[in-house]
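Novice: What follows is coords21.cif, mmCIF, C-alpha atoms.
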```
data_start
#
loop_
_atom_site.group_PDB
_atom_site.id
_atom_site.type_symbol
_atom_site.label_atom_id
_atom_site.label_comp_id
_atom_site.auth_asym_id
_atom_site.auth_seq_id
_atom_site.Cartn_x
_atom_site.Cartn_y
_atom_site.Cartn_z
ATOM 1 C CA MET A 22 -5.880 -11.059 -23.233
ATOM 2 C CA ALA A 23 -7.156 -7.576 -22.368
ATOM 3 C CA LYS A 24 -10.463 -9.047 -21.266
ATOM 4 C CA ASN A 25 -8.772 -11.570 -18.972
ATOM 5 C CA LEU A 26 -6.505 -8.871 -17.558
ATOM 6 C CA ARG A 27 -9.448 -6.626 -16.841
ATOM 7 C CA ARG A 28 -11.246 -9.451 -15.080
ATOM 8 C CA HIS A 29 -8.147 -10.128 -12.976
ATOM 9 C CA TRP A 30 -7.766 -6.629 -11.552
ATOM 10 C CA LEU A 31 -11.521 -6.078 -11.254
ATOM 11 C CA LYS A 32 -11.653 -9.219 -9.121
ATOM 12 C CA ALA A 33 -8.719 -7.993 -7.057
ATOM 13 C CA ALA A 34 -10.338 -4.608 -6.617
ATOM 14 C CA THR A 35 -13.607 -6.184 -5.514
ATOM 15 C CA VAL A 36 -11.842 -8.343 -2.957
ATOM 16 C CA ALA A 37 -10.035 -5.269 -1.630
ATOM 17 C CA LEU A 38 -13.312 -3.368 -1.422
ATOM 18 C CA LEU A 39 -15.084 -6.105 0.506
ATOM 19 C CA ALA A 40 -12.129 -6.580 2.828
ATOM 20 C CA GLY A 41 -11.765 -2.892 3.697
ATOM 21 C CA PRO A 42 -13.175 -1.201 6.803
ATOM 22 C CA LEU A 43 -16.122 0.622 5.258
ATOM 23 C CA SER A 44 -17.868 1.566 8.491
ATOM 24 C CA CYS A 45 -19.568 4.943 8.548
ATOM 25 C CA ALA A 46 -17.916 5.500 11.925
ATOM 26 C CA PHE A 47 -14.474 5.778 10.349
ATOM 27 C CA SER A 48 -12.987 9.016 11.703
ATOM 28 C CA TYR A 49 -10.777 10.183 8.785
ATOM 29 C CA ALA A 50 -8.508 11.854 11.326
ATOM 30 C CA GLU A 51 -5.549 11.921 8.945
ATOM 31 C CA LEU A 52 -7.295 13.923 6.222
ATOM 32 C CA PRO A 53 -6.666 17.648 5.732
ATOM 33 C CA LYS A 54 -9.016 19.916 7.624
ATOM 34 C CA GLY A 55 -9.559 22.420 4.833
ATOM 35 C CA PRO A 56 -11.336 22.080 1.482
ATOM 36 C CA ILE A 57 -10.125 19.535 -1.067
ATOM 37 C CA THR A 58 -9.800 20.406 -4.754
ATOM 38 C CA LEU A 59 -10.464 17.584 -7.209
ATOM 39 C CA VAL A 60 -8.835 18.558 -10.487
ATOM 40 C CA VAL A 61 -10.627 17.333 -13.605
ATOM 41 C CA PRO A 62 -8.083 17.621 -16.443
ATOM 42 C CA PHE A 63 -10.752 18.155 -19.112
ATOM 43 C CA ALA A 64 -13.447 20.720 -19.874
ATOM 44 C CA ALA A 65 -16.746 20.757 -18.002
ATOM 45 C CA GLY A 66 -19.552 18.620 -19.376
ATOM 46 C CA GLY A 67 -17.455 15.682 -20.552
ATOM 47 C CA ALA A 68 -17.446 12.128 -19.254
ATOM 48 C CA THR A 69 -14.706 12.602 -16.663
ATOM 49 C CA ASP A 70 -16.379 15.753 -15.389
ATOM 50 C CA VAL A 71 -19.727 13.986 -14.949
ATOM 51 C CA VAL A 72 -18.206 11.177 -12.887
ATOM 52 C CA SER A 73 -16.005 13.586 -10.925
ATOM 53 C CA ARG A 74 -18.873 15.794 -9.790
ATOM 54 C CA LEU A 75 -20.804 12.794 -8.550
ATOM 55 C CA VAL A 76 -17.786 11.483 -6.640
ATOM 56 C CA ALA A 77 -16.839 14.914 -5.264
ATOM 57 C CA GLN A 78 -20.302 15.485 -3.816
ATOM 58 C CA LYS A 79 -20.508 12.059 -2.199
ATOM 59 C CA LEU A 80 -16.918 12.138 -0.947
ATOM 60 C CA GLY A 81 -17.510 15.514 0.681
ATOM 61 C CA GLU A 82 -20.558 14.141 2.465
ATOM 62 C CA ARG A 83 -18.643 11.073 3.555
ATOM 63 C CA ILE A 84 -15.594 12.795 5.054
ATOM 64 C CA GLN A 85 -17.399 16.016 6.058
ATOM 65 C CA ARG A 86 -15.095 18.225 4.029
ATOM 66 C CA THR A 87 -15.780 20.547 1.104
ATOM 67 C CA VAL A 88 -14.656 18.882 -2.143
ATOM 68 C CA VAL A 89 -14.527 21.337 -5.052
ATOM 69 C CA VAL A 90 -14.185 20.292 -8.707
ATOM 70 C CA GLU A 91 -11.761 22.381 -10.763
ATOM 71 C CA ASN A 92 -11.722 21.876 -14.533
ATOM 72 C CA ILE A 93 -8.294 22.414 -16.112
ATOM 73 C CA GLY A 94 -8.531 21.311 -19.739
ATOM 74 C CA GLY A 95 -5.913 21.138 -22.455
ATOM 75 C CA GLY A 96 -3.067 18.931 -23.582
ATOM 76 C CA GLY A 97 -5.177 15.775 -23.538
ATOM 77 C CA GLY A 98 -5.344 16.040 -19.757
ATOM 78 C CA ALA A 99 -1.658 16.887 -19.329
ATOM 79 C CA ILE A 100 -2.116 20.446 -18.039
ATOM 80 C CA GLY A 101 -4.428 19.498 -15.193
ATOM 81 C CA ALA A 102 -2.375 16.434 -14.294
ATOM 82 C CA ALA A 103 0.817 18.498 -14.154
ATOM 83 C CA LYS A 104 -0.798 20.904 -11.690
ATOM 84 C CA VAL A 105 -1.582 18.069 -9.302
ATOM 85 C CA ALA A 106 1.885 16.558 -9.700
ATOM 86 C CA ARG A 107 3.362 19.924 -8.600
ATOM 87 C CA ALA A 108 0.985 20.317 -5.655
ATOM 88 C CA SER A 109 1.872 19.794 -2.019
ATOM 89 C CA PRO A 110 1.254 16.186 -0.909
ATOM 90 C CA ASP A 111 -1.001 17.367 1.908
ATOM 91 C CA GLY A 112 -4.202 15.868 0.515
ATOM 92 C CA ASN A 113 -5.758 19.204 -0.420
ATOM 93 C CA THR A 114 -5.270 18.650 -4.164
ATOM 94 C CA LEU A 115 -6.334 15.458 -5.938
ATOM 95 C CA LEU A 116 -6.676 14.397 -9.570
ATOM 96 C CA MET A 117 -9.362 12.445 -11.363
ATOM 97 C CA GLY A 118 -6.903 10.618 -13.570
ATOM 98 C CA THR A 119 -7.665 8.640 -16.684
ATOM 99 C CA ILE A 120 -5.899 6.407 -19.142
ATOM 100 C CA ALA A 121 -4.975 9.615 -20.969
ATOM 101 C CA THR A 122 -3.155 11.277 -18.061
ATOM 102 C CA HIS A 123 -1.345 8.180 -16.819
ATOM 103 C CA VAL A 124 -0.834 5.968 -19.864
ATOM 104 C CA ILE A 125 -1.295 7.592 -23.257
ATOM 105 C CA ASN A 126 0.347 10.946 -22.511
ATOM 106 C CA PRO A 127 3.550 9.345 -21.177
ATOM 107 C CA LEU A 128 3.691 7.057 -24.217
ATOM 108 C CA SER A 129 3.093 9.771 -26.787
ATOM 109 C CA MET A 130 4.309 13.153 -25.522
ATOM 110 C CA ALA A 131 7.988 13.982 -25.866
ATOM 111 C CA LYS A 132 7.851 16.943 -23.452
ATOM 112 C CA LEU A 133 5.526 15.837 -20.690
ATOM 113 C CA SER A 134 5.897 18.032 -17.601
ATOM 114 C CA TYR A 135 5.173 15.242 -15.115
ATOM 115 C CA ASN A 136 6.210 11.633 -14.550
ATOM 116 C CA ALA A 137 3.157 9.385 -14.460
ATOM 117 C CA GLN A 138 5.036 6.628 -12.668
ATOM 118 C CA THR A 139 6.717 8.665 -9.914
ATOM 119 C CA GLY A 140 4.779 11.941 -9.800
ATOM 120 C CA PHE A 141 1.565 10.660 -8.226
ATOM 121 C CA THR A 142 0.152 8.595 -5.407
ATOM 122 C CA ALA A 143 -2.496 6.095 -6.506
ATOM 123 C CA ILE A 144 -5.555 6.181 -4.224
ATOM 124 C CA SER A 145 -8.573 4.401 -5.741
ATOM 125 C CA LEU A 146 -9.946 3.249 -9.079
ATOM 126 C CA VAL A 147 -13.489 4.610 -9.297
ATOM 127 C CA ALA A 148 -14.959 3.127 -12.486
ATOM 128 C CA THR A 149 -14.324 1.792 -15.956
ATOM 129 C CA VAL A 150 -16.299 2.727 -19.064
ATOM 130 C CA PRO A 151 -16.475 1.939 -22.804
ATOM 131 C CA ASN A 152 -15.960 4.422 -25.590
ATOM 132 C CA VAL A 153 -18.571 4.843 -28.321
ATOM 133 C CA LEU A 154 -18.665 5.792 -32.022
ATOM 134 C CA LEU A 155 -21.263 8.497 -32.687
ATOM 135 C CA VAL A 156 -22.472 10.370 -35.759
ATOM 136 C CA ASN A 157 -24.576 13.476 -36.277
ATOM 137 C CA SER A 158 -28.202 12.606 -37.000
ATOM 138 C CA SER A 159 -27.857 13.984 -40.541
ATOM 139 C CA VAL A 160 -25.101 11.514 -41.509
ATOM 140 C CA LYS A 161 -26.523 9.006 -43.982
ATOM 141 C CA ALA A 162 -24.595 6.037 -42.589
ATOM 142 C CA LYS A 163 -26.833 3.938 -40.327
ATOM 143 C CA ASN A 164 -24.168 1.455 -39.232
ATOM 144 C CA VAL A 165 -20.392 1.048 -39.112
ATOM 145 C CA GLN A 166 -20.036 -0.608 -42.509
ATOM 146 C CA GLU A 167 -22.048 2.174 -44.167
ATOM 147 C CA LEU A 168 -19.827 4.736 -42.412
ATOM 148 C CA ILE A 169 -16.709 2.976 -43.684
ATOM 149 C CA ALA A 170 -18.119 3.010 -47.218
ATOM 150 C CA LEU A 171 -19.057 6.687 -46.904
ATOM 151 C CA ALA A 172 -15.565 7.597 -45.699
ATOM 152 C CA LYS A 173 -13.850 5.602 -48.443
ATOM 153 C CA ALA A 174 -15.989 7.321 -51.068
ATOM 154 C CA GLN A 175 -14.622 10.721 -49.987
ATOM 155 C CA PRO A 176 -11.148 10.173 -48.489
ATOM 156 C CA GLY A 177 -9.879 12.953 -46.258
ATOM 157 C CA LYS A 178 -13.139 14.895 -46.304
ATOM 158 C CA LEU A 179 -14.810 13.599 -43.144
ATOM 159 C CA GLY A 180 -13.603 14.685 -39.723
ATOM 160 C CA TYR A 181 -13.974 12.940 -36.410
ATOM 161 C CA GLY A 182 -13.857 14.701 -33.068
ATOM 162 C CA SER A 183 -12.387 13.621 -29.755
ATOM 163 C CA SER A 184 -11.813 15.092 -26.304
ATOM 164 C CA GLY A 185 -8.206 15.893 -27.206
ATOM 165 C CA VAL A 186 -4.998 14.646 -28.769
ATOM 166 C CA GLY A 187 -3.865 11.441 -27.100
ATOM 167 C CA THR A 188 -7.111 10.841 -25.207
ATOM 168 C CA PRO A 189 -8.800 7.404 -25.299
ATOM 169 C CA PRO A 190 -11.419 8.591 -27.815
ATOM 170 C CA HIS A 191 -8.615 9.867 -30.070
ATOM 171 C CA LEU A 192 -6.812 6.532 -29.877
ATOM 172 C CA SER A 193 -10.132 4.796 -30.504
ATOM 173 C CA GLY A 194 -10.474 6.812 -33.698
ATOM 174 C CA GLU A 195 -6.908 6.149 -34.816
ATOM 175 C CA LEU A 196 -7.296 2.429 -34.173
ATOM 176 C CA PHE A 197 -10.522 2.512 -36.194
ATOM 177 C CA LYS A 198 -8.696 4.196 -39.079
ATOM 178 C CA SER A 199 -5.854 1.682 -38.908
ATOM 179 C CA MET A 200 -8.109 -1.366 -38.846
ATOM 180 C CA THR A 201 -10.586 -0.233 -41.516
ATOM 181 C CA GLY A 202 -8.329 1.704 -43.895
ATOM 182 C CA VAL A 203 -10.482 4.843 -43.884
ATOM 183 C CA ASP A 204 -9.012 8.330 -44.264
ATOM 184 C CA ILE A 205 -10.801 10.589 -41.777
ATOM 185 C CA THR A 206 -9.285 13.682 -40.167
ATOM 186 C CA HIS A 207 -8.913 14.070 -36.410
ATOM 187 C CA VAL A 208 -10.470 17.226 -34.921
ATOM 188 C CA PRO A 209 -9.272 17.584 -31.293
ATOM 189 C CA TYR A 210 -11.197 19.468 -28.602
ATOM 190 C CA LYS A 211 -10.393 20.442 -25.012
ATOM 191 C CA GLY A 212 -12.908 17.970 -23.638
ATOM 192 C CA GLY A 213 -15.845 15.767 -24.514
ATOM 193 C CA GLY A 214 -18.397 18.508 -23.753
ATOM 194 C CA PRO A 215 -17.281 20.936 -26.483
ATOM 195 C CA ALA A 216 -16.837 18.056 -28.931
ATOM 196 C CA MET A 217 -20.364 16.815 -28.275
ATOM 197 C CA SER A 218 -21.767 20.316 -28.764
ATOM 198 C CA ASP A 219 -20.147 20.533 -32.196
ATOM 199 C CA LEU A 220 -21.349 17.051 -33.145
ATOM 200 C CA MET A 221 -24.943 17.959 -32.317
ATOM 201 C CA ALA A 222 -24.578 21.265 -34.186
ATOM 202 C CA GLY A 223 -23.275 19.478 -37.276
ATOM 203 C CA GLN A 224 -19.821 21.079 -37.134
ATOM 204 C CA ILE A 225 -18.297 17.594 -37.160
ATOM 205 C CA PRO A 226 -20.007 14.473 -38.562
ATOM 206 C CA ILE A 227 -18.311 11.844 -36.376
ATOM 207 C CA LEU A 228 -17.286 11.671 -32.728
ATOM 208 C CA PHE A 229 -15.506 9.060 -30.638
ATOM 209 C CA ASP A 230 -16.543 9.715 -27.052
ATOM 210 C CA VAL A 231 -16.553 8.127 -23.620
ATOM 211 C CA LEU A 232 -19.950 6.523 -23.069
ATOM 212 C CA THR A 233 -20.521 8.174 -19.684
ATOM 213 C CA GLY A 234 -20.478 11.592 -21.328
ATOM 214 C CA ALA A 235 -22.504 10.537 -24.354
ATOM 215 C CA ALA A 236 -25.202 8.486 -22.607
ATOM 216 C CA SER A 237 -27.757 11.263 -22.037
ATOM 217 C CA HIS A 238 -27.411 12.538 -25.613
ATOM 218 C CA ILE A 239 -27.895 9.038 -27.023
ATOM 219 C CA ARG A 240 -31.033 8.545 -24.945
ATOM 220 C CA ALA A 241 -32.337 11.957 -26.030
ATOM 221 C CA GLY A 242 -31.849 11.023 -29.685
ATOM 222 C CA SER A 243 -29.719 14.099 -30.371
ATOM 223 C CA VAL A 244 -26.895 11.908 -31.727
ATOM 224 C CA ARG A 245 -26.782 8.415 -33.200
ATOM 225 C CA ALA A 246 -24.584 5.695 -31.702
ATOM 226 C CA LEU A 247 -23.181 3.203 -34.193
ATOM 227 C CA ALA A 248 -21.035 0.986 -31.966
ATOM 228 C CA VAL A 249 -19.426 0.583 -28.567
ATOM 229 C CA THR A 250 -15.700 -0.072 -28.473
ATOM 230 C CA THR A 251 -15.642 -2.984 -26.013
ATOM 231 C CA LYS A 252 -15.731 -6.692 -26.923
ATOM 232 C CA GLU A 253 -19.154 -7.117 -25.343
ATOM 233 C CA ARG A 254 -22.311 -5.027 -25.508
ATOM 234 C CA VAL A 255 -23.050 -2.630 -22.661
ATOM 235 C CA ALA A 256 -25.942 -3.491 -20.329
ATOM 236 C CA SER A 257 -27.263 0.088 -20.261
ATOM 237 C CA PHE A 258 -27.418 0.199 -24.087
ATOM 238 C CA PRO A 259 -28.024 -3.384 -25.203
ATOM 239 C CA GLY A 260 -29.186 -2.215 -28.607
ATOM 240 C CA ILE A 261 -25.812 -0.724 -29.554
ATOM 241 C CA PRO A 262 -23.623 -3.367 -31.227
ATOM 242 C CA THR A 263 -19.885 -3.783 -30.764
ATOM 243 C CA MET A 264 -17.314 -2.933 -33.409
ATOM 244 C CA ALA A 265 -16.449 -6.622 -33.725
ATOM 245 C CA GLU A 266 -20.085 -7.543 -34.393
ATOM 246 C CA LEU A 267 -20.102 -5.079 -37.272
ATOM 247 C CA GLY A 268 -17.018 -6.480 -38.965
ATOM 248 C CA VAL A 269 -14.101 -4.710 -37.250
ATOM 249 C CA THR A 270 -12.749 -7.932 -35.762
ATOM 250 C CA GLY A 271 -10.429 -7.601 -32.769
ATOM 251 C CA TYR A 272 -11.270 -3.968 -32.073
ATOM 252 C CA GLU A 273 -11.367 -3.068 -28.363
ATOM 253 C CA THR A 274 -10.766 0.136 -26.380
ATOM 254 C CA TRP A 275 -12.074 1.424 -23.055
ATOM 255 C CA THR A 276 -11.163 3.938 -20.390
ATOM 256 C CA TRP A 277 -11.277 4.423 -16.631
ATOM 257 C CA ASN A 278 -11.405 7.041 -13.880
ATOM 258 C CA GLY A 279 -9.131 6.853 -10.839
ATOM 259 C CA ILE A 280 -8.229 9.212 -7.997
ATOM 260 C CA PHE A 281 -4.572 10.173 -7.576
ATOM 261 C CA GLY A 282 -2.737 12.600 -5.316
ATOM 262 C CA PRO A 283 0.744 14.102 -5.659
ATOM 263 C CA ALA A 284 3.723 11.887 -4.890
ATOM 264 C CA GLY A 285 4.796 11.711 -1.257
ATOM 265 C CA MET A 286 1.427 11.594 0.474
ATOM 266 C CA GLN A 287 1.435 9.991 3.914
ATOM 267 C CA ARG A 288 0.354 6.368 3.815
ATOM 268 C CA SER A 289 -2.193 6.864 6.599
ATOM 269 C CA MET A 290 -3.853 9.690 4.645
ATOM 270 C CA VAL A 291 -3.874 7.631 1.446
ATOM 271 C CA GLU A 292 -5.522 4.719 3.236
ATOM 272 C CA GLU A 293 -8.210 6.951 4.714
ATOM 273 C CA LEU A 294 -8.972 8.570 1.362
ATOM 274 C CA SER A 295 -9.043 5.173 -0.341
ATOM 275 C CA GLN A 296 -11.417 3.746 2.244
ATOM 276 C CA ALA A 297 -13.663 6.794 1.916
ATOM 277 C CA LEU A 298 -13.755 6.472 -1.863
ATOM 278 C CA GLN A 299 -14.451 2.736 -1.654
ATOM 279 C CA SER A 300 -17.369 3.523 0.646
ATOM 280 C CA VAL A 301 -18.662 6.190 -1.740
ATOM 281 C CA VAL A 302 -18.556 3.892 -4.771
ATOM 282 C CA ALA A 303 -20.274 1.140 -2.762
ATOM 283 C CA GLN A 304 -23.289 3.352 -1.993
ATOM 284 C CA PRO A 305 -26.386 2.072 -3.844
ATOM 285 C CA ASP A 306 -27.280 5.478 -5.287
ATOM 286 C CA VAL A 307 -23.732 5.987 -6.604
ATOM 287 C CA GLN A 308 -23.705 2.477 -8.083
ATOM 288 C CA ALA A 309 -27.034 3.170 -9.765
ATOM 289 C CA ARG A 310 -25.911 6.523 -11.157
ATOM 290 C CA LEU A 311 -22.622 5.156 -12.503
ATOM 291 C CA LYS A 312 -24.435 2.280 -14.179
ATOM 292 C CA GLU A 313 -26.955 4.740 -15.622
ATOM 293 C CA LEU A 314 -23.954 6.547 -17.119
ATOM 294 C CA SER A 315 -22.788 3.184 -18.535
ATOM 295 C CA ALA A 316 -19.797 3.051 -16.211
ATOM 296 C CA THR A 317 -18.832 -0.064 -14.252
ATOM 297 C CA PRO A 318 -18.358 0.883 -10.572
ATOM 298 C CA VAL A 319 -15.151 -0.466 -9.018
ATOM 299 C CA GLY A 320 -13.814 1.202 -5.875
ATOM 300 C CA SER A 321 -10.350 -0.228 -5.227
ATOM 301 C CA ASN A 322 -7.381 -0.012 -2.920
ATOM 302 C CA PRO A 323 -4.284 1.957 -4.034
ATOM 303 C CA GLU A 324 -2.407 -1.155 -5.139
ATOM 304 C CA ALA A 325 -5.102 -2.188 -7.604
ATOM 305 C CA LEU A 326 -5.051 1.241 -9.266
ATOM 306 C CA ALA A 327 -1.250 1.236 -9.489
ATOM 307 C CA ALA A 328 -1.339 -2.250 -11.044
ATOM 308 C CA LEU A 329 -3.904 -1.099 -13.597
ATOM 309 C CA VAL A 330 -1.714 1.813 -14.688
ATOM 310 C CA LYS A 331 1.186 -0.582 -15.206
ATOM 311 C CA SER A 332 -0.809 -3.136 -17.213
ATOM 312 C CA GLU A 333 -2.532 -0.483 -19.337
ATOM 313 C CA THR A 334 0.819 1.106 -20.138
ATOM 314 C CA GLU A 335 2.056 -2.166 -21.615
ATOM 315 C CA LYS A 336 -1.147 -2.708 -23.590
ATOM 316 C CA TRP A 337 -1.226 0.778 -25.129
ATOM 317 C CA ARG A 338 2.501 0.829 -25.804
ATOM 318 C CA ALA A 339 1.999 -2.139 -28.116
ATOM 319 C CA ILE A 340 -1.047 -0.565 -29.795
ATOM 320 C CA ILE A 341 0.641 2.806 -30.348
ATOM 321 C CA GLN A 342 3.737 1.122 -31.764
ATOM 322 C CA SER A 343 1.587 -0.973 -34.118
ATOM 323 C CA MET A 344 0.026 2.263 -35.391
ATOM 324 C CA GLY A 345 3.456 3.722 -36.123
ATOM 325 C CA GLY A 346 3.553 5.852 -32.995
ATOM 326 C CA LEU A 347 1.630 8.946 -31.978
ATOM 327 C CA LYS A 348 3.746 12.033 -32.496
ATOM 328 C CA ARG A 349 2.893 14.869 -30.126
ATOM 329 C CA GLU A 350 4.698 17.897 -28.788
#
```
Let me see whether you can do it: turn the structure in this file into C-alpha cells.
Specialist:
Amino acid sequence: MAKNLRRHWLKAATVALLAGPLSCAFSYAELPKGPITLVVPFAAGGATDVVSRLVAQKLGERIQRTVVVENIGGGGGAIGAAKVARASPDGNTLLMGTIATHVINPLSMAKLSYNAQTGFTAISLVATVPNVLLVNSSVKAKNVQELIALAKAQPGKLGYGSSGVGTPPHLSGELFKSMTGVDITHVPYKGGGPAMSDLMAGQIPILFDVLTGAASHIRAGSVRALAVTTKERVASFPGIPTMAELGVTGYETWTWNGIFGPAGMQRSMVEELSQALQSVVAQPDVQARLKELSATPVGSNPEALAALVKSETEKWRAIIQSMGGLKRE
C-alpha cells in the first residue's frame, strides 16, 4: 500500500513539475528582496543538512538572492520547525521539513509548540530517501540475522543511535525492535552528524541513519551497511540488501525533504518559490548529486507536498499505534 501511495504522489509531482513554467526568464518579482534563511532543524553534517546546503546554493543562484542555511537542532526537529512557524510569512524564513517535523512529532509529542497542519505553508517536495541500518566496523555481525542473534544473546546491552527522538531513523529502529524481538537501547543525538561520528568512533555499535547522510561514509568503508529500509534495493548501493530480503518481512521506512514557509504566505510568492525550487531540482547537476546521495529527486508543486504530509500522517499513526505509542514530552 505504501509503495502504491508513493508511486501515486511521485507521479503527480512529476506531472506538476513538467507542467510548470520553468523558464530561466521567470522574474520572481514576488519574492523578498533581502536574504532568505533556510532553517535546517537538525545539526550540521546530517542528511537533511547535506541536501539543504545543495538546495540553498542552487536556489540562491536561481532567484539571485542570498540563501543562508541555519542549523537549529534539538527536539527531533521540533525546535527549528517551531522557529519557522513563528516567523513572519514574508518569505525570508523557510524550513527544510521532514517526516519528523510534520508527521512524527505531531503524532508523538504531547507539548508540541507548533501545529504541523495549520502552522506552515507547503512549497515544494525536494526529494525522498531511504533509511539504512549501519554498524561499527568492529561489530562481529556481518548481516541482519547475525545482528539479531548478537542482540538476543545480550539483551539490553547494545545501543543504537539515531538523529533524535521521534525522527525517522528512531522509528526505523523501534520498528526493527518490534518486528524482530530484540532488546536494544535507543541513544538519541541532535542530528545524524554527531551520531555518525560516535558510530565511527565506536561509542555506539549500531546506527539507523538516513542514507543521504551515510552514503559517503559507506563508500569510504568507515562504517558497514547491513540493510536499507525500503522494499526495494537502492540503485546507488545495489549491493546493500533490504530488510525484507534478510528475513524481516514487511519492514519498510523512508523519509523525505520538503520546503515549507510559515502559514499565511501570499499565494503568488509561494508559486514563485515553488517554481524556482522545481527548476533547481530539475537541473542535471542537482539531479546527479541527489542521486549520488541516494536520494530520489522530486520537485513538486505545493499541493503534492501537502498531500504527502496528509498521507504520511495516516501511515505513521497506524505504525506508532501498533508499537504501543511513542511517549515523548
Novice: What gap, in Å, lies between CA of Val255 (chain A) and CA of Ile280 (chain A)?
Specialist: 24.0 Å
Novice: Just how far from CA of Leu59 (chain A) is CA of Arg83 (chain A), in Å to one decimal?
Specialist: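 Computing the Euclidean distance for CA of Arg83 (chain A) and CA of Leu59 (chain A) yields 15.0 Å.
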Novice: Go through region 166-242 of chain A and flag each residue having an atom no more than 8 Å from region 141-151 of chain A; for those, report the closest pair of atoms plus their distance in Å to one decimal, using all atoms listed in the file, ordered by chain and rising number, as JSON lines.
Specialist:
```
{"residue": "A:Val231", "atom": "CA", "partner": "A:Pro151", "partner_atom": "CA", "distance": 6.2}
{"residue": "A:Leu232", "atom": "CA", "partner": "A:Pro151", "partner_atom": "CA", "distance": 5.8}
{"residue": "A:Thr233", "atom": "CA", "partner": "A:Val150", "partner_atom": "CA", "distance": 6.9}
```
Novice: Starting from the shown file, work through the PyMOL selection byres ((chain A and resi 178) around 12) and note down what comes out as a list in words.
Specialist: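 Checked against the file, the PyMOL selection byres ((chain A and resi 178) around 12) matches Leu171, Ala172, Lys173, Ala174, Gln175, Pro176, Gly177, Leu179, Gly180, Tyr181, Val203, Asp204, Ile205, Thr206, His207, Val208, Ile225, Pro226 and Ile227 of chain A.
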Novice: Report as a list in words the full result of the PyMOL selection byres ((chain A and resi 261) around 7) when it is applied to this structure.
Specialist: Ala246, Leu247, Ala248, Val249, Arg254, Phe258, Pro259, Gly260, Pro262 and Thr263 of chain A
Novice: Report, in Å with one decimal, the straight-line distance from CA of Leu311 (chain A) to CA of Asn126 (chain A).
Specialist: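 So the answer is 25.7 Å.
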